[in-house]
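These notes are about the structure you will find just below.
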Amino acid sequence: MSPAGVPDRWRSVLPHLAEPLPPDHTPQTASGSGVQVNLPMELVRQSVRPKEFWDIPAEVVDAYRAFRPTPLWRAKGFERAVGARVPVYVKYEGGNISGSHKLNTALAQAYYYARAGVKELVSGTGAGQWGTALAAACALFGMKCTVFMVGNSLRRKPYRGTLMRTLGATVHASPTTLTEVAKQAEAGVNSLSLAIGEAVEYASRTEGAAFCIGSGETYSILHQSVIGLEAADQLAALDAEFDAVVGCVGAGSNFGGIALPFFASAAEAGTEPPLLVAAESSTTPKLTRGTYAYDRTDATGTGPMEAMYTIGSSYPIPDSHSAGLRFHGAAKVLSAMRHRDEIAATAVGQVQALDAGRLFTRGEMVLPAPESGHALAAAASLAGGGAEGSNGLLRAEKGVVVCVSGHGYLDLGAYQQLLDGELTDEAPDPQALRLAMGGLDPVDGARQLTGAGAGHGR
Ligand SMILES: Cc1ncc(COP(=O)(O)O)c(C=O)c1O
């Protein structure tokens, strides 16, 4: 830790995994050559090297100082509202310009890409938090920024686009007419996978540009370790007792960020780690109802096939207010850990998530993002009667630590629907799930779930 309490090293979980992550499968192009990914070398190293501590570049620590350490407190008002049996501690990542934890990795990535000579960063964004974080990081490190945002989400939250543009970014509503992948997509498709696919294609034919991604990659989970490292110190200072750590999961960066440093330090000390609970959306139940298989990370299918818990990249994900959770797969690190039951998962519907967000707002005077509402709903269940999880009933006996990954000021439309009684949940169609997972290659030795109906997703 630096004197101000801002971490000056990231902590990796890779040295503590029982076995190396399954290698990616790289598809062959028509010309027979695999697709080249232009990642700065340091990000490549951070993805594969089982080194525990990584120095954070001084420029990135300086940038972190503007908003870190982020607050951690005991949420007594929320505890009362949900009838918690044990304390709930909140780590809040919404108090920066981007409004979420995404800035932790955006700053690191912009720094490494700028040093590698890249002039423009291009990406896809669902809820807009990642795009906003990237726009902010590019502004800080003097780079251009182009963002493809899921169109439905941008229309629902136009001020996200305005904020990105204020920060200097160019924003496109995906699907656009700018890319082949969008032209070839089925009419009406509006997904993060397609927005990412558009960004990949656009970056590959734009001079000086690179595609970068905010979640799921092993290096972005490493960058997010600042959340868990700070939380561990803050909890120790409070003498807090806890036995469960919760975060919501899109691909897994805020959950990985808060949870994995606790796993690493328990492994180092030879003690039992807390119960690490991934709260996913019941519309994208990869960790509770998915299969461990090789799947693609975006709609272009040009990137490597990664070993992940997935509901199938072709699954038509129903619309929901938690655009940041609308991703078909989980990060490969988390998937490998889920496969060994080192992390657990529970699925939460958006009505339950926003209701937890409402109670949190009244109890704590902080308005959480709908995505974070999923973590809060899971935390409330763990601290109360228990949550139905991937491996049975999940319950905390001492206390729960929960990451509130972002604020919900640009998501008030979702709260409005909740308060007006207009919010509903769309359960996944078992047949469509089965179809989307059907053709996937299982990871060797995978203990397969049978898809729809398997696991304990709600
Ligand atoms: C506020 C917020 N929380 C959570 C997520 C999910 O992403 P991840 O799983 O990478 O933390 C997002 C993604 O956009 C987000 O904006």
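The way I read the labels, and the way they are meant: chains A, B, ... in the order of the structure tokens, residue 1 as the first residue of every chain, and ligand 1 as the first ligand shown, with later ones counted on from there.
Taking only C-alpha atoms and all ligand atoms into account, the residues that come within 7 Å of ligand 1 are Ser100, His101, Thr125, Gly126, Ala127, Gly128, Gln129, Trp130, Gly214, Ser215, Gly216, Cys248, Val249, Gly250, Ala251, Gly252, Ser253, Asn254, Phe255, Ala323, Gly324, Leu325, Ala369, Glu371, Ser372, Ser405, Gly406 and His407 of chain A.
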Those same residues - C-alpha atoms - I'd like them written as a JSON list (two decimals), in the first residue's frame.
[["chain", "number", "residue", "atom", "x", "y", "z"],
["A", 100, "SER", "CA", -18.28, 2.26, -11.72],
["A", 101, "HIS", "CA", -15.31, -0.02, -11.02],
["A", 125, "THR", "CA", -20.16, -1.37, -24.08],
["A", 126, "GLY", "CA", -23.44, -2.65, -22.71],
["A", 127, "ALA", "CA", -24.65, -0.44, -19.90],
["A", 128, "GLY", "CA", -22.21, 2.31, -20.89],
["A", 129, "GLN", "CA", -20.09, 2.22, -17.74],
["A", 130, "TRP", "CA", -17.16, 0.57, -19.52],
["A", 214, "GLY", "CA", -13.24, -4.11, -20.02],
["A", 215, "SER", "CA", -14.13, -7.37, -18.41],
["A", 216, "GLY", "CA", -13.40, -11.05, -18.37],
["A", 248, "CYS", "CA", -22.34, -9.27, -9.39],
["A", 249, "VAL", "CA", -21.07, -10.92, -12.56],
["A", 250, "GLY", "CA", -21.20, -9.76, -16.15],
["A", 251, "ALA", "CA", -18.04, -11.50, -17.26],
["A", 252, "GLY", "CA", -16.62, -11.20, -13.77],
["A", 253, "SER", "CA", -14.28, -8.25, -13.22],
["A", 254, "ASN", "CA", -15.77, -6.59, -10.11],
["A", 255, "PHE", "CA", -16.53, -9.96, -8.53],
["A", 323, "ALA", "CA", -27.09, -4.37, -19.54],
["A", 324, "GLY", "CA", -23.72, -4.91, -17.87],
["A", 325, "LEU", "CA", -24.74, -8.44, -16.88],
["A", 369, "ALA", "CA", -26.61, 0.51, -10.32],
["A", 371, "GLU", "CA", -26.16, -4.58, -11.81],
["A", 372, "SER", "CA", -24.99, -3.93, -8.25],
["A", 405, "SER", "CA", -19.89, -1.84, -8.40],
["A", 406, "GLY", "CA", -21.52, 1.37, -9.57],
["A", 407, "HIS", "CA", -24.10, 4.12, -9.05]]
With the cut-off set at 8 Å and counting only C-alpha atoms, tabulate each residue of stretch 102-142 of chain A with an atom at most that distance from an atom of stretch 218-228 of chain A, showing the nearest atom pair and its distance in Å to one decimal, ordered by chain and increasing number, as JSON lines.
{"residue": "A:Asn104", "atom": "CA", "partner": "A:Gln224", "partner_atom": "CA", "distance": 6.0}
{"residue": "A:Thr105", "atom": "CA", "partner": "A:His223", "partner_atom": "CA", "distance": 5.3}
{"residue": "A:Ala108", "atom": "CA", "partner": "A:His223", "partner_atom": "CA", "distance": 7.2}
Export of the given selection (N, CA and C atoms) as a PDB file, in the first residue's frame:
ATOM      1  N   ASN A 104     -10.956   1.263 -12.947  1.00  0.00           N
ATOM      2  CA  ASN A 104      -9.735   0.652 -12.406  1.00  0.00           C
ATOM      3  C   ASN A 104      -8.896  -0.016 -13.500  1.00  0.00           C
ATOM      4  N   THR A 105      -9.558  -0.698 -14.424  1.00  0.00           N
ATOM      5  CA  THR A 105      -8.806  -1.342 -15.509  1.00  0.00           C
ATOM      6  C   THR A 105      -8.664  -0.417 -16.709  1.00  0.00           C
ATOM      7  N   ALA A 108      -5.467   1.486 -16.401  1.00  0.00           N
ATOM      8  CA  ALA A 108      -4.291   0.639 -16.615  1.00  0.00           C
ATOM      9  C   ALA A 108      -4.139   0.317 -18.104  1.00  0.00           C
TER      10      ALA A 108
END
List the neighbours of A:Arg358 out to 8 Å using only C-alpha atoms; skip same-chain residues closer than 3 positions along the sequence, and give me the result as a ChimeraX atom specification.
/A:354-355,361-362,367,415
Can those selected residues be exported to a file as a short mmCIF file (atom, residue, chain, number, x, y, z; two decimals), in the first residue's frame so that it contains N, CA and C atoms?
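Dumped everything to out_13.cif:
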data_model
loop_
_atom_site.label_atom_id
_atom_site.label_comp_id
_atom_site.auth_asym_id
_atom_site.auth_seq_id
_atom_site.Cartn_x
_atom_site.Cartn_y
_atom_site.Cartn_z
N LEU A 354 -33.55 -4.84 -8.25
CA LEU A 354 -33.89 -3.42 -8.10
C LEU A 354 -34.57 -3.15 -6.77
N ASP A 355 -35.29 -4.14 -6.26
CA ASP A 355 -35.90 -3.96 -4.96
C ASP A 355 -34.81 -3.88 -3.87
N THR A 361 -30.87 2.14 -1.14
CA THR A 361 -30.92 3.60 -1.30
C THR A 361 -31.51 4.25 -0.04
N ARG A 362 -32.61 3.68 0.44
CA ARG A 362 -33.26 4.24 1.64
C ARG A 362 -32.41 4.06 2.89
N LEU A 367 -27.43 5.39 -4.21
CA LEU A 367 -28.27 4.76 -5.25
C LEU A 367 -27.40 3.80 -6.08
N TYR A 415 -35.61 2.15 -11.94
CA TYR A 415 -36.26 2.32 -10.63
C TYR A 415 -37.69 2.83 -10.81
#
A straight line from atom CA of A:Ala169 to atom CA of A:Val404 spans 26.1 Å
So that I can see what lies close to A:Leu235, please list as a ChimeraX atom specification the residues with an atom at most 10 Å from it, counting only C-alpha atoms and leaving out residues fewer than 2 positions away in the same chain.
/A:72-74,89,91,230-233,237-242,401
Using the chain letters and numbers from this document, which residues of stretch 254-297 of chain A does DSSP assign to strand (DSSP E), as a list in words?
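The strand (DSSP E) residues within stretch 254-297 of chain A come out as Leu275, Leu276, Val277, Ala278, Ala279, Glu280, Ser281, Thr291, Tyr292, Ala293, Tyr294 and Asp295 of chain A.
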From a DSSP pass on the backbone, collect the residues of stretch 261-416 of chain A flagged as alpha helix (DSSP H) and hand them back as a VMD selection string.
chain A and resid 261 to 269 286 to 289 332 to 339 350 to 364 370 to 383 412 to 416
Can you tell me which residues surround A:Met143 at a distance of at most 9 Å, considering only C-alpha atoms, apart from same-chain residues fewer than 6 positions away, and format the answer as a ChimeraX atom specification?
/A:110,114,118-121,135,137
How would the residues just picked look written out with C-alpha atoms as an mmCIF file, in the first residue's frame?
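Just written: part.cif:
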data_model
loop_
_atom_site.group_PDB
_atom_site.id
_atom_site.type_symbol
_atom_site.label_atom_id
_atom_site.label_comp_id
_atom_site.auth_asym_id
_atom_site.auth_seq_id
_atom_site.Cartn_x
_atom_site.Cartn_y
_atom_site.Cartn_z
ATOM 1 C CA ALA A 110 -5.007 3.114 -21.604
ATOM 2 C CA ALA A 114 -0.438 4.556 -25.026
ATOM 3 C CA VAL A 118 -1.570 3.154 -29.897
ATOM 4 C CA LYS A 119 -3.425 6.416 -30.659
ATOM 5 C CA GLU A 120 -7.059 5.303 -30.444
ATOM 6 C CA LEU A 121 -8.906 2.770 -28.289
ATOM 7 C CA ALA A 135 -13.512 7.594 -22.530
ATOM 8 C CA ALA A 137 -8.998 7.031 -19.323
#
Exercise: A:Thr179 partners within 7 Å, only C-alpha atoms, chain neighbours under 3 positions left out, as a VMD selection string
chain A and resid 176 182 to 183 198 201 to 202
Could you write out the selected residues, including N, CA and C atoms, as a short mmCIF file (atom, residue, chain, number, x, y, z; two decimals), in the first residue's frame?
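Contents of selection_5.cif, as written:
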data_model
loop_
_atom_site.label_atom_id
_atom_site.label_comp_id
_atom_site.auth_asym_id
_atom_site.auth_seq_id
_atom_site.Cartn_x
_atom_site.Cartn_y
_atom_site.Cartn_z
N THR A 176 -24.72 -0.84 -36.05
CA THR A 176 -24.54 0.31 -36.94
C THR A 176 -24.58 -0.20 -38.38
N ALA A 182 -22.26 -6.38 -38.31
CA ALA A 182 -23.61 -5.89 -38.03
C ALA A 182 -24.53 -6.13 -39.22
N LYS A 183 -23.97 -5.95 -40.43
CA LYS A 183 -24.80 -6.17 -41.63
C LYS A 183 -25.25 -7.63 -41.70
N GLU A 198 -18.52 -5.46 -33.42
CA GLU A 198 -18.37 -4.27 -34.27
C GLU A 198 -17.07 -3.52 -33.92
N GLU A 201 -14.01 -5.33 -35.32
CA GLU A 201 -13.86 -5.16 -36.77
C GLU A 201 -13.41 -3.73 -37.10
N TYR A 202 -14.03 -2.75 -36.46
CA TYR A 202 -13.70 -1.34 -36.72
C TYR A 202 -12.23 -1.06 -36.37
#
What is the distance, in Å and to one decimal place, between atom CA of A:Phe78 and atom CA of A:Ala380?
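Between these atoms lies a distance of 8.4 Å.
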For A:Leu275, list every protein, DNA or RNA residue within 7 Å, evaluated using only C-alpha atoms, and leave out those in the same chain fewer than 2 positions away; present the list as a list of chain:residue names.
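Non-adjacent residues within range: A:Asp243, A:Ala244, A:Val245, A:Pro273, A:Val277.
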